[in-house]
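Text of the file structure.txt, holding compact mmCIF, C-alpha atoms:
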```
# COMPACT_ATOMS: atom_id res chain seq x y z
CA MET A 1 43.96 115.85 159.01
CA PRO A 2 43.70 112.46 157.22
CA GLU A 3 43.46 109.46 159.50
CA ARG A 4 46.69 107.46 159.42
CA ILE A 5 46.66 103.68 159.75
CA ALA A 6 49.47 101.13 159.81
CA ALA A 7 48.93 97.57 158.58
CA ASP A 8 50.84 94.70 157.06
CA VAL A 9 48.82 94.93 153.82
CA CYS A 10 46.53 97.50 152.24
CA VAL A 11 43.99 96.11 149.77
CA VAL A 12 42.43 98.41 147.18
CA GLY A 13 38.87 97.36 146.32
CA ALA A 14 36.27 95.43 148.34
CA GLY A 15 35.04 93.18 145.55
CA TYR A 16 35.44 89.42 145.83
CA ALA A 17 39.12 89.60 144.87
CA GLY A 18 40.02 92.14 147.55
CA LEU A 19 37.83 90.65 150.28
CA THR A 20 39.13 87.13 149.67
CA CYS A 21 42.73 88.35 149.69
CA ALA A 22 42.14 90.19 152.96
CA ARG A 23 40.49 87.15 154.52
CA ARG A 24 43.36 84.82 153.62
CA LEU A 25 45.95 87.30 154.90
CA ARG A 26 44.03 87.83 158.14
CA GLN A 27 43.82 84.05 158.59
CA ALA A 28 47.61 83.95 158.23
CA GLY A 29 47.98 86.46 161.05
CA LYS A 30 48.53 89.61 158.99
CA SER A 31 46.85 92.93 159.69
CA VAL A 32 44.90 94.20 156.69
CA VAL A 33 43.02 97.34 155.70
CA VAL A 34 40.66 97.28 152.70
CA LEU A 35 39.88 100.60 151.02
CA GLU A 36 36.73 100.74 148.90
CA ALA A 37 35.65 103.74 146.80
CA ARG A 38 31.95 102.88 146.87
CA ASP A 39 29.57 103.15 149.79
CA ARG A 40 29.12 99.38 149.63
CA ILE A 41 31.15 96.21 149.27
CA GLY A 42 30.96 93.70 146.42
CA GLY A 43 32.28 95.57 143.39
CA ARG A 44 30.65 94.08 140.31
CA ILE A 45 28.49 92.00 142.65
CA TRP A 46 25.62 94.11 143.97
CA THR A 47 22.85 92.49 145.99
CA VAL A 48 19.99 94.77 147.02
CA ARG A 49 16.80 94.23 148.99
CA LEU A 50 13.35 94.84 147.55
CA ALA A 51 10.59 96.48 149.60
CA ASP A 52 9.57 93.08 151.00
CA GLY A 53 13.17 92.25 151.96
CA SER A 54 13.80 89.83 149.10
CA PRO A 55 17.39 89.81 147.79
CA VAL A 56 18.08 90.40 144.09
CA ASP A 57 21.36 90.73 142.21
CA ARG A 58 21.92 93.86 140.14
CA GLY A 59 25.35 92.54 139.15
CA GLY A 60 26.95 89.12 138.81
CA GLY A 61 24.93 86.34 140.35
CA TRP A 62 25.58 82.95 138.83
CA LEU A 63 28.04 80.21 139.75
CA GLY A 64 29.08 77.20 137.66
CA PRO A 65 29.79 73.63 138.79
CA ARG A 66 33.54 74.08 138.31
CA HIS A 67 33.65 77.16 140.54
CA ASP A 68 35.28 75.40 143.48
CA ALA A 69 36.87 78.50 145.02
CA ILE A 70 33.65 80.50 145.48
CA PHE A 71 31.77 77.39 146.62
CA GLY A 72 34.51 76.76 149.16
CA LEU A 73 34.30 80.34 150.41
CA ALA A 74 30.51 80.04 150.65
CA ARG A 75 30.85 76.93 152.81
CA GLU A 76 33.41 78.68 155.04
CA VAL A 77 30.99 81.48 155.87
CA GLY A 78 27.84 79.35 155.90
CA VAL A 79 26.04 80.50 152.77
CA ALA A 80 24.08 78.01 150.63
CA THR A 81 23.34 77.95 146.90
CA TYR A 82 20.44 76.73 144.78
CA LYS A 83 19.84 75.75 141.17
CA THR A 84 18.73 78.18 138.49
CA TRP A 85 15.19 77.33 137.34
CA VAL A 86 15.35 75.61 133.96
CA LYS A 87 12.13 73.56 133.85
CA GLY A 88 9.71 74.29 131.05
CA ALA A 89 9.97 75.70 127.56
CA HIS A 90 12.72 78.09 126.47
CA LEU A 91 12.04 80.68 123.78
CA LEU A 92 13.98 81.84 120.75
CA ILE A 93 12.66 84.84 118.85
CA ALA A 94 14.24 85.22 115.43
CA GLU A 95 13.28 85.71 111.79
CA GLY A 96 9.89 87.08 112.81
CA ARG A 97 8.78 83.98 114.71
CA THR A 98 8.90 82.53 118.21
CA ARG A 99 10.23 79.02 118.71
CA ARG A 100 9.55 77.00 121.88
CA TYR A 101 12.00 74.28 122.81
CA THR A 102 13.40 72.32 125.73
CA GLY A 103 16.93 71.18 126.38
CA LEU A 104 19.92 72.82 124.73
CA ILE A 105 18.99 72.93 121.06
CA PRO A 106 16.45 75.43 119.68
CA LYS A 107 14.18 74.48 116.82
CA ILE A 108 16.18 75.92 113.99
CA SER A 109 17.33 74.21 110.82
CA PRO A 110 19.66 71.20 111.07
CA LEU A 111 22.20 73.17 109.02
CA ALA A 112 22.13 76.05 111.49
CA ILE A 113 22.56 73.70 114.44
CA ALA A 114 25.36 71.81 112.73
CA THR A 115 27.32 74.95 111.89
CA ILE A 116 27.02 76.28 115.45
CA ALA A 117 28.15 72.92 116.85
CA LEU A 118 31.07 72.84 114.44
CA ALA A 119 32.11 76.38 115.38
CA GLN A 120 32.07 75.47 119.06
CA MET A 121 34.13 72.37 118.35
CA LYS A 122 36.70 74.48 116.48
CA ILE A 123 36.96 76.92 119.39
CA ASN A 124 37.33 74.10 121.89
CA TRP A 125 40.01 72.40 119.77
CA MET A 126 42.05 75.59 119.50
CA ALA A 127 41.51 76.41 123.18
CA LYS A 128 43.00 73.05 124.22
CA HIS A 129 46.29 74.27 122.79
CA VAL A 130 46.30 77.41 124.97
CA PRO A 131 48.17 77.02 128.30
CA VAL A 132 45.78 78.37 130.91
CA GLU A 133 48.56 79.82 133.09
CA ALA A 134 50.32 81.52 130.17
CA PRO A 135 48.14 81.78 127.03
CA TRP A 136 50.75 83.98 125.34
CA THR A 137 53.08 80.96 125.14
CA ALA A 138 50.74 78.91 122.92
CA LYS A 139 52.41 77.70 119.74
CA ARG A 140 50.00 79.76 117.62
CA ALA A 141 49.58 82.59 120.14
CA LEU A 142 50.94 85.32 117.86
CA GLU A 143 48.71 84.22 114.99
CA TRP A 144 45.57 83.99 117.13
CA ASP A 145 46.32 87.25 118.93
CA SER A 146 46.71 89.06 115.63
CA ARG A 147 43.10 88.21 114.73
CA SER A 148 39.86 89.53 116.15
CA VAL A 149 36.90 87.41 117.22
CA ALA A 150 34.84 89.10 114.49
CA TRP A 151 37.45 88.06 111.88
CA TRP A 152 37.17 84.46 113.00
CA LEU A 153 33.36 84.48 113.09
CA GLU A 154 33.27 85.61 109.47
CA ARG A 155 35.26 82.48 108.60
CA SER A 156 33.61 80.12 111.09
CA GLY A 157 31.32 78.45 108.57
CA ILE A 158 28.14 79.77 110.21
CA ARG A 159 26.08 80.99 107.29
CA THR A 160 22.37 80.98 108.14
CA PRO A 161 21.25 84.34 109.58
CA VAL A 162 19.59 82.89 112.67
CA ALA A 163 22.64 80.81 113.55
CA ARG A 164 24.98 83.74 112.96
CA ASP A 165 22.88 86.09 115.09
CA LEU A 166 22.62 83.57 117.91
CA PHE A 167 26.30 82.76 117.99
CA GLU A 168 27.43 86.39 117.73
CA MET A 169 25.07 87.34 120.57
CA ALA A 170 26.33 84.48 122.75
CA VAL A 171 30.00 85.34 122.18
CA GLY A 172 29.29 89.05 122.43
CA GLY A 173 27.61 88.47 125.78
CA LEU A 174 30.86 87.03 127.14
CA PHE A 175 32.87 90.18 126.41
CA THR A 176 30.16 92.83 125.80
CA GLY A 177 32.65 94.87 123.77
CA ASP A 178 33.08 95.16 120.02
CA LEU A 179 34.15 91.75 118.69
CA HIS A 180 36.23 93.54 116.04
CA GLU A 181 38.28 94.84 118.97
CA THR A 182 38.49 91.58 120.90
CA SER A 183 41.41 89.20 120.41
CA LEU A 184 40.71 85.68 119.22
CA LEU A 185 43.40 84.50 121.65
CA HIS A 186 41.47 86.10 124.50
CA LEU A 187 38.36 84.14 123.50
CA LEU A 188 40.35 80.90 123.33
CA PHE A 189 41.92 81.61 126.72
CA LEU A 190 38.47 82.32 128.18
CA ALA A 191 37.12 79.03 126.83
CA ARG A 192 40.12 77.08 128.17
CA SER A 193 39.79 78.84 131.52
CA HIS A 194 36.26 77.48 131.89
CA GLY A 195 36.86 74.06 130.38
CA SER A 196 35.08 74.76 127.09
CA ILE A 197 33.03 77.37 125.28
CA ASP A 198 30.02 75.12 125.87
CA THR A 199 30.30 75.64 129.64
CA LEU A 200 30.07 79.39 129.19
CA PHE A 201 26.90 79.10 127.11
CA ARG A 202 25.02 76.62 129.30
CA ILE A 203 22.76 77.02 132.30
CA ASP A 204 22.27 73.41 133.43
CA GLY A 205 25.82 72.09 133.89
CA GLY A 206 27.30 75.44 132.89
CA ALA A 207 28.32 78.86 134.14
CA GLN A 208 24.73 79.88 135.01
CA GLU A 209 23.75 76.71 136.89
CA ASN A 210 23.61 78.08 140.45
CA LEU A 211 22.48 81.13 142.37
CA VAL A 212 23.29 82.13 145.95
CA GLU A 213 20.74 82.10 148.76
CA GLY A 214 20.45 85.68 149.92
CA GLY A 215 22.03 86.91 146.69
CA ALA A 216 25.61 86.73 145.42
CA GLY A 217 26.57 89.50 147.82
CA ALA A 218 25.65 87.37 150.86
CA ILE A 219 29.03 85.62 150.83
CA ALA A 220 30.90 88.92 150.51
CA GLU A 221 28.88 90.44 153.35
CA ARG A 222 29.92 87.70 155.75
CA VAL A 223 33.54 87.97 154.70
CA ALA A 224 33.42 91.74 155.24
CA ASP A 225 31.67 91.35 158.59
CA ALA A 226 34.51 89.12 159.78
CA LEU A 227 37.02 91.79 158.73
CA GLY A 228 35.12 94.38 160.77
CA ASP A 229 36.54 97.89 160.73
CA GLY A 230 39.36 96.62 158.52
CA VAL A 231 37.03 97.48 155.60
CA ARG A 232 36.72 101.21 154.95
CA LEU A 233 34.07 102.49 152.54
CA ASN A 234 33.92 105.81 150.67
CA ALA A 235 37.71 105.71 150.43
CA PRO A 236 38.72 105.98 146.75
CA VAL A 237 42.45 105.40 146.46
CA ARG A 238 44.20 108.27 144.70
CA SER A 239 47.86 107.40 145.14
CA ILE A 240 50.24 104.58 145.99
CA THR A 241 53.79 105.55 146.91
CA GLN A 242 56.46 102.88 147.28
CA GLN A 243 59.46 103.18 149.55
CA SER A 244 62.24 100.62 150.01
CA ASP A 245 60.44 98.77 152.79
CA HIS A 246 56.80 99.89 152.68
CA VAL A 247 54.04 101.52 150.66
CA VAL A 248 51.82 104.48 151.45
CA VAL A 249 48.26 104.29 150.13
CA ALA A 250 46.12 107.43 150.20
CA GLY A 251 42.36 107.00 149.91
CA GLY A 252 39.71 109.57 150.82
CA ASP A 253 40.44 110.80 154.33
CA LEU A 254 42.70 107.83 155.06
CA THR A 255 46.38 107.17 154.61
CA VAL A 256 47.60 103.61 155.10
CA SER A 257 51.23 102.65 155.59
CA ALA A 258 51.77 98.96 154.82
CA ARG A 259 54.40 96.46 153.82
CA HIS A 260 52.49 95.56 150.65
CA ALA A 261 49.51 96.76 148.63
CA VAL A 262 47.08 94.72 146.55
CA VAL A 263 45.15 96.43 143.75
CA GLY A 264 41.95 94.48 143.10
CA VAL A 265 39.98 96.86 140.88
CA PRO A 266 39.17 96.56 137.15
CA PRO A 267 42.29 97.33 135.05
CA ALA A 268 40.97 100.61 133.65
CA LEU A 269 40.48 101.96 137.17
CA ALA A 270 44.15 101.39 137.99
CA LEU A 271 44.78 104.34 135.67
CA GLU A 272 42.94 106.55 138.17
CA ILE A 273 45.64 105.89 140.78
CA SER A 274 48.83 107.97 140.85
CA PHE A 275 51.82 105.68 141.37
CA ASP A 276 55.24 106.69 142.65
CA PRO A 277 57.39 105.39 141.08
CA VAL A 278 55.15 105.72 138.03
CA LEU A 279 53.82 102.71 136.22
CA PRO A 280 56.02 101.89 133.21
CA ASP A 281 54.68 102.39 129.69
CA ASP A 282 54.01 98.69 129.11
CA ARG A 283 51.64 98.50 132.08
CA LEU A 284 49.93 101.73 131.07
CA THR A 285 49.38 100.35 127.59
CA LEU A 286 47.90 97.15 129.03
CA TYR A 287 45.46 98.95 131.32
CA ARG A 288 44.43 101.45 128.64
CA ASN A 289 43.50 98.57 126.38
CA ALA A 290 41.84 96.33 128.98
CA ILE A 291 38.39 97.82 128.64
CA ALA A 292 35.03 96.39 129.67
CA GLY A 293 32.10 96.93 127.34
CA PRO A 294 28.51 98.11 127.73
CA GLU A 295 26.13 95.76 129.50
CA THR A 296 22.79 96.45 131.14
CA LYS A 297 21.09 94.05 133.53
CA THR A 298 17.42 94.82 134.14
CA LEU A 299 15.53 93.06 136.92
CA VAL A 300 11.80 92.80 136.27
CA VAL A 301 10.00 91.79 139.45
CA TYR A 302 6.55 90.19 139.77
CA ASP A 303 4.49 88.98 142.73
CA GLU A 304 5.30 85.41 141.73
CA PRO A 305 7.15 83.57 138.93
CA PHE A 306 3.93 83.10 136.93
CA TRP A 307 5.83 81.84 133.86
CA ARG A 308 6.69 78.63 135.68
CA GLY A 309 3.03 77.71 136.05
CA ASP A 310 2.50 78.59 132.39
CA GLY A 311 5.16 76.09 131.35
CA PHE A 312 8.05 78.48 130.67
CA SER A 313 11.56 78.38 132.13
CA GLY A 314 12.03 82.15 131.90
CA GLN A 315 14.96 81.58 129.55
CA SER A 316 14.59 83.41 126.26
CA SER A 317 16.73 85.05 123.61
CA GLU A 318 16.15 87.56 120.84
CA PRO A 319 19.39 88.82 119.28
CA GLY A 320 19.50 92.59 118.81
CA SER A 321 16.36 93.28 120.84
CA VAL A 322 15.80 95.42 123.94
CA SER A 323 15.83 92.16 125.90
CA GLU A 324 18.46 90.01 124.21
CA VAL A 325 18.64 87.32 126.88
CA THR A 326 16.42 86.56 129.87
CA LEU A 327 16.89 84.14 132.76
CA ASP A 328 14.82 83.26 135.80
CA ALA A 329 16.55 84.98 138.74
CA THR A 330 13.86 84.32 141.36
CA PRO A 331 15.14 84.13 144.97
CA ALA A 332 15.51 80.72 146.64
CA SER A 333 12.20 81.22 148.50
CA GLY A 334 10.33 81.14 145.19
CA ARG A 335 8.84 84.61 145.60
CA PRO A 336 8.77 87.22 144.25
CA GLY A 337 9.28 86.21 140.64
CA VAL A 338 12.28 87.84 139.01
CA ILE A 339 13.26 87.90 135.35
CA ALA A 340 16.79 89.11 134.65
CA SER A 341 16.97 90.76 131.22
CA PHE A 342 20.30 91.55 129.53
CA THR A 343 21.57 93.64 126.65
CA PHE A 344 25.19 93.68 125.51
CA GLY A 345 27.63 95.86 123.58
CA ARG A 346 26.24 98.12 120.90
CA VAL A 347 22.70 96.90 121.59
CA ALA A 348 23.03 97.94 125.25
CA ALA A 349 24.27 101.38 124.21
CA ARG A 350 21.44 101.77 121.70
CA VAL A 351 18.75 100.75 124.18
CA ASP A 352 20.23 102.95 126.90
CA ALA A 353 19.92 105.96 124.58
CA LEU A 354 16.12 105.62 124.73
CA ALA A 355 14.16 107.66 127.23
CA VAL A 356 13.52 105.89 130.55
CA VAL A 357 9.82 105.52 129.85
CA GLU A 358 10.50 104.16 126.37
CA ARG A 359 13.03 101.62 127.68
CA ARG A 360 10.58 100.31 130.24
CA ARG A 361 7.76 100.15 127.70
CA SER A 362 9.95 98.34 125.18
CA VAL A 363 11.33 95.78 127.65
CA LEU A 364 7.90 95.02 129.07
CA GLY A 365 6.52 94.76 125.55
CA SER A 366 9.14 92.15 124.69
CA LEU A 367 8.50 90.16 127.85
CA THR A 368 4.75 90.32 127.32
CA ALA A 369 5.12 88.99 123.78
CA ARG A 370 7.17 86.09 125.18
CA PHE A 371 5.50 85.21 128.47
CA GLY A 372 1.98 86.62 128.23
CA GLN A 373 -0.03 89.57 129.48
CA ARG A 374 0.97 89.14 133.13
CA ALA A 375 4.49 90.24 132.17
CA ALA A 376 3.16 93.74 131.42
CA ALA A 377 2.58 94.62 135.07
CA PRO A 378 5.68 94.16 137.25
CA VAL A 379 5.87 95.36 140.83
CA ASP A 380 9.43 96.61 140.33
CA PHE A 381 11.77 97.43 137.45
CA ILE A 382 15.47 97.91 138.23
CA GLU A 383 17.98 98.88 135.52
CA THR A 384 21.76 98.78 135.95
CA PRO A 385 23.86 100.02 133.01
CA TRP A 386 27.19 98.75 134.28
CA TRP A 387 29.45 100.77 132.01
CA LYS A 388 28.04 103.91 133.60
CA GLU A 389 28.96 102.86 137.12
CA PRO A 390 31.96 105.12 137.88
CA TRP A 391 33.82 102.49 139.93
CA THR A 392 33.17 99.67 137.43
CA ARG A 393 32.87 101.04 133.88
CA GLY A 394 31.66 97.91 132.17
CA CYS A 395 30.95 94.26 132.67
CA SER A 396 31.37 91.43 132.97
CA MET A 397 35.12 91.78 132.50
CA ALA A 398 37.67 93.65 130.43
CA HIS A 399 38.33 92.39 126.91
CA LEU A 400 41.73 92.63 125.27
CA PRO A 401 42.12 93.81 121.66
CA PRO A 402 44.41 92.01 119.21
CA GLY A 403 48.12 92.24 120.00
CA ILE A 404 47.83 92.99 123.71
CA LEU A 405 47.77 89.56 125.37
CA THR A 406 50.95 88.29 123.70
CA ARG A 407 52.86 91.52 124.38
CA PHE A 408 51.69 92.39 127.87
CA GLY A 409 49.87 89.33 129.25
CA PRO A 410 52.49 88.46 131.89
CA LEU A 411 51.98 91.87 133.49
CA LEU A 412 48.40 91.00 134.46
CA ARG A 413 49.69 89.14 137.52
CA GLN A 414 53.33 90.25 137.83
CA PRO A 415 53.93 92.35 140.98
CA PHE A 416 55.14 95.91 140.57
CA GLY A 417 57.56 96.21 143.45
CA ARG A 418 55.47 95.93 146.60
CA VAL A 419 52.21 96.26 144.66
CA HIS A 420 50.35 93.06 143.79
CA TRP A 421 47.41 92.63 141.44
CA ALA A 422 44.09 90.83 141.84
CA GLY A 423 40.72 90.83 140.11
CA THR A 424 38.98 88.39 137.82
CA GLU A 425 40.90 89.76 134.81
CA THR A 426 44.09 88.40 136.40
CA ALA A 427 42.63 84.92 136.99
CA THR A 428 43.62 81.87 134.98
CA THR A 429 40.94 79.35 135.98
CA SER A 430 37.43 80.89 135.85
CA HIS A 431 38.77 84.01 134.13
CA GLY A 432 36.07 86.69 134.14
CA ALA A 433 33.83 84.96 136.72
CA ILE A 434 33.18 85.50 140.44
CA ASP A 435 35.15 82.32 141.03
CA GLY A 436 38.08 83.83 139.15
CA ALA A 437 37.98 86.90 141.40
CA VAL A 438 38.13 84.68 144.49
CA ARG A 439 41.03 82.68 143.04
CA SER A 440 42.90 85.87 142.18
CA GLY A 441 42.57 87.12 145.74
CA GLU A 442 43.91 83.85 147.09
CA ARG A 443 46.83 83.98 144.67
CA ALA A 444 47.74 87.55 145.61
CA ALA A 445 47.62 86.66 149.31
CA ALA A 446 49.89 83.68 148.69
CA GLU A 447 52.39 85.92 146.84
CA ILE A 448 52.63 88.25 149.81
CA LEU A 449 52.93 85.45 152.35
CA GLU A 450 55.75 83.89 150.31
CA ARG A 451 57.65 87.22 150.42
CA ALA A 452 56.97 87.91 154.10
```
What would you get if you wrote out this structure as structure tokens?
Amino acid sequence: MPERIAADVCVVGAGYAGLTCARRLRQAGKSVVVLEARDRIGGRIWTVRLADGSPVDRGGGWLGPRHDAIFGLAREVGVATYKTWVKGAHLLIAEGRTRRYTGLIPKISPLAIATIALAQMKINWMAKHVPVEAPWTAKRALEWDSRSVAWWLERSGIRTPVARDLFEMAVGGLFTGDLHETSLLHLLFLARSHGSIDTLFRIDGGAQENLVEGGAGAIAERVADALGDGVRLNAPVRSITQQSDHVVVAGGDLTVSARHAVVGVPPALALEISFDPVLPDDRLTLYRNAIAGPETKTLVVYDEPFWRGDGFSGQSSEPGSVSEVTLDATPASGRPGVIASFTFGRVAARVDALAVVERRRSVLGSLTARFGQRAAAPVDFIETPWWKEPWTRGCSMAHLPPGILTRFGPLLRQPFGRVHWAGTETATTSHGAIDGAVRSGERAAAEILERA
């Protein structure tokens, strides 16, 4: 017989959205049960320990200076952060040559730099006219939502191949999906949500400025520990049934009866849940179209971050390669050395189709060409193709195709009876980031407390 539990609120998903929501509700005196399909907490945040005990992040890991909600949560539970290593030369590999540079601007032609800067200015100007709480109400929302990001890039004024490749890779890395199937309005909303497109592209002063001591999962672990047996793992939710005064949530061998439910999983996974009453067609259309794209994060681990001593920051980019972007992801202790290597979208799918041995050989070959022979001999090599994770199906967030945000955008956060919605896709500020997930959990908790 399934175990039956009664609570004030049942939260679906133990990522940062669900855990934060549960914490805020518990602090307000409500009883909460969190049901998580995986055998771990964290969702798209996945901190693991290496053989020597060092923490590394297989999923999201970086925090930006504007991410006040996650920094606040970290302070609450006593977890510190540290700066991403940026000292030394960065590398750009393009047009058959390797360019070393420091600061923000690679050594490409003045024309290429000028056109990229102008494109970013255009995006920022348009984004300022997008209301962050309701992007679908922008004066030009219908026009912008009818266009794809790829359509705009073709008309952006970026003409030199190296500039075009760089900019497409940078924008593609934000969504990971096909830019022909990503709404321009969604890009503008994303930029407004983070202050500017520049913030999303930067490390120092931008979205990749900080890492978490103990890994990004350290904060979630302490939140979950405080919730105790209120967090149940290996409990995939299969149905949510609403009655006039309560909901019944069935997950694994558990059935929870609660006053309210909060669904904090990626939109596509909401389609895996059977709702009674059924979700209306407009919501089904929204979730079917809110799809995250292919992204692989590969952690390449060395005894020490040797590239630092050789004068490199660990930051490199090579559009279209098996290692499109790299960042230094070394733990706060300074050892072992960790390079995080990323591929996005169609490139990620193409690289993933290679045999395991070939992928490893190719990635290490790229890193060796960039950082020297010591890069050829890591002590560990950890690949995570996020779109193949059954309880994630893509990273870093869902992208919306043209025509969806203006038609169905309000449904992202609008309660469905006693069911509330959380997750970084529902966030306004810090949309798509860990901070956005935290904010969404706080917002969902506030909705329930207002109705209690």
### Task
Show which residues sit within 7 Å of A:Thr84, as a ChimeraX atom specification. Count all atoms listed in the file, and ignore same-chain residues fewer than 5 positions away.
/A:209-211,328
### Task
Do a neighbour search on A:Arg44 at 10 Å with only C-alpha atoms, toss out local chain neighbours closer than 6 positions, and write the hits as a ChimeraX atom specification.
/A:14-16,58-61,217,265-266,386,389,391-397,434
Report the closest atom pair, with its distance in Å rounded to one decimal, for each residue of stretch 125-162 of chain A that has an atom no farther than 9 Å from stretch 94-111 of chain A; count all atoms listed in the file, sort by chain and then rising residue number, and write it as a Markdown table.
```
| residue | atom | partner | partner_atom | distance |
| --- | --- | --- | --- | --- |
| A:Ile158 | CA | A:Leu111 | CA | 9.0 |
| A:Arg159 | CA | A:Leu111 | CA | 8.9 |
| A:Thr160 | CA | A:Leu111 | CA | 7.9 |
| A:Pro161 | CA | A:Glu95 | CA | 8.4 |
| A:Val162 | CA | A:Ala94 | CA | 6.5 |
```
#### Entry: Selection near A:Gly432, 8 Å with only C-alpha atoms, sequence-local residues under 3 positions removed, as an NGL selection string
:A and (190 or 396-397 or 424-425 or 427 or 436-437)
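Ranking A:Pro267, A:Gly206, A:Pro305, A:Pro410 by their shortest atom-to-atom distance to A:Ser333, with all atoms listed in the file included, puts A:Pro305 first.
The space between atom CA of A:Val300 and atom CA of A:Leu166 spans 23.2 Å.
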### Query
How far is it from atom CA of A:Gly88 to atom CA of A:Leu327, in Å with one decimal?
12.3 Å
### Message
When you count all atoms listed in the file, which of these residues is closest to A:Asp57: A:Arg140, A:Arg26, A:Lys297, A:Arg232?
### Response
A:Lys297
### Query
From the list A:Trp62, A:Leu91, A:Ile404, A:Val34, which residue is nearest A:Ala369 when using only C-alpha atoms?
A:Leu91
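Minimum atom-to-atom distances from A:Arg238, A:Arg192, A:Arg350, A:His180 to A:His129 were compared using only C-alpha atoms, and the lowest value belongs to A:Arg192.
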### Query
Quick one: distance from atom CA of A:His420 to atom CA of A:Pro135 in Å, one decimal?
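Distance reported for this atom pair: 20.3 Å.
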### Task
Using only C-alpha atoms, find the one residue out of A:Asp178, A:Arg359, A:Thr426, A:Ala17 that sits nearest to A:Gly43.
A:Ala17
### Task
Counting all atoms listed in the file, figure out which residue out of A:Leu184, A:Ala452, A:Arg222, A:Ala340 gets nearest to A:Glu76.
A:Arg222
Starting from the sparse input, extend stretch 134-146 of chain A to N, CA and C atoms and give the output as a compact mmCIF listing (two decimals), in the frame of the given file.
```txt
# COMPACT_ATOMS: atom_id res chain seq x y z
N ALA A 134 49.53 80.59 131.00
CA ALA A 134 50.32 81.52 130.17
C ALA A 134 49.86 81.41 128.72
N PRO A 135 48.68 81.93 128.39
CA PRO A 135 48.14 81.78 127.03
C PRO A 135 49.04 82.37 125.95
N TRP A 136 49.86 83.33 126.31
CA TRP A 136 50.75 83.98 125.34
C TRP A 136 51.87 83.06 124.89
N THR A 137 52.03 81.90 125.53
CA THR A 137 53.08 80.96 125.14
C THR A 137 52.56 79.87 124.20
N ALA A 138 51.29 79.90 123.85
CA ALA A 138 50.74 78.91 122.92
C ALA A 138 51.52 78.94 121.61
N LYS A 139 51.64 77.80 120.97
CA LYS A 139 52.41 77.70 119.74
C LYS A 139 51.91 78.68 118.69
N ARG A 140 50.58 78.87 118.62
CA ARG A 140 50.00 79.76 117.62
C ARG A 140 49.51 81.07 118.25
N ALA A 141 50.06 81.41 119.41
CA ALA A 141 49.58 82.59 120.14
C ALA A 141 49.66 83.86 119.31
N LEU A 142 50.79 84.09 118.64
CA LEU A 142 50.94 85.32 117.86
C LEU A 142 49.92 85.39 116.73
N GLU A 143 49.70 84.26 116.08
CA GLU A 143 48.71 84.22 114.99
C GLU A 143 47.32 84.51 115.52
N TRP A 144 46.92 83.81 116.59
CA TRP A 144 45.57 83.99 117.13
C TRP A 144 45.38 85.38 117.74
N ASP A 145 46.44 85.93 118.32
CA ASP A 145 46.32 87.25 118.93
C ASP A 145 46.33 88.37 117.90
N SER A 146 46.72 88.05 116.69
CA SER A 146 46.71 89.06 115.63
C SER A 146 45.33 89.18 114.99
```
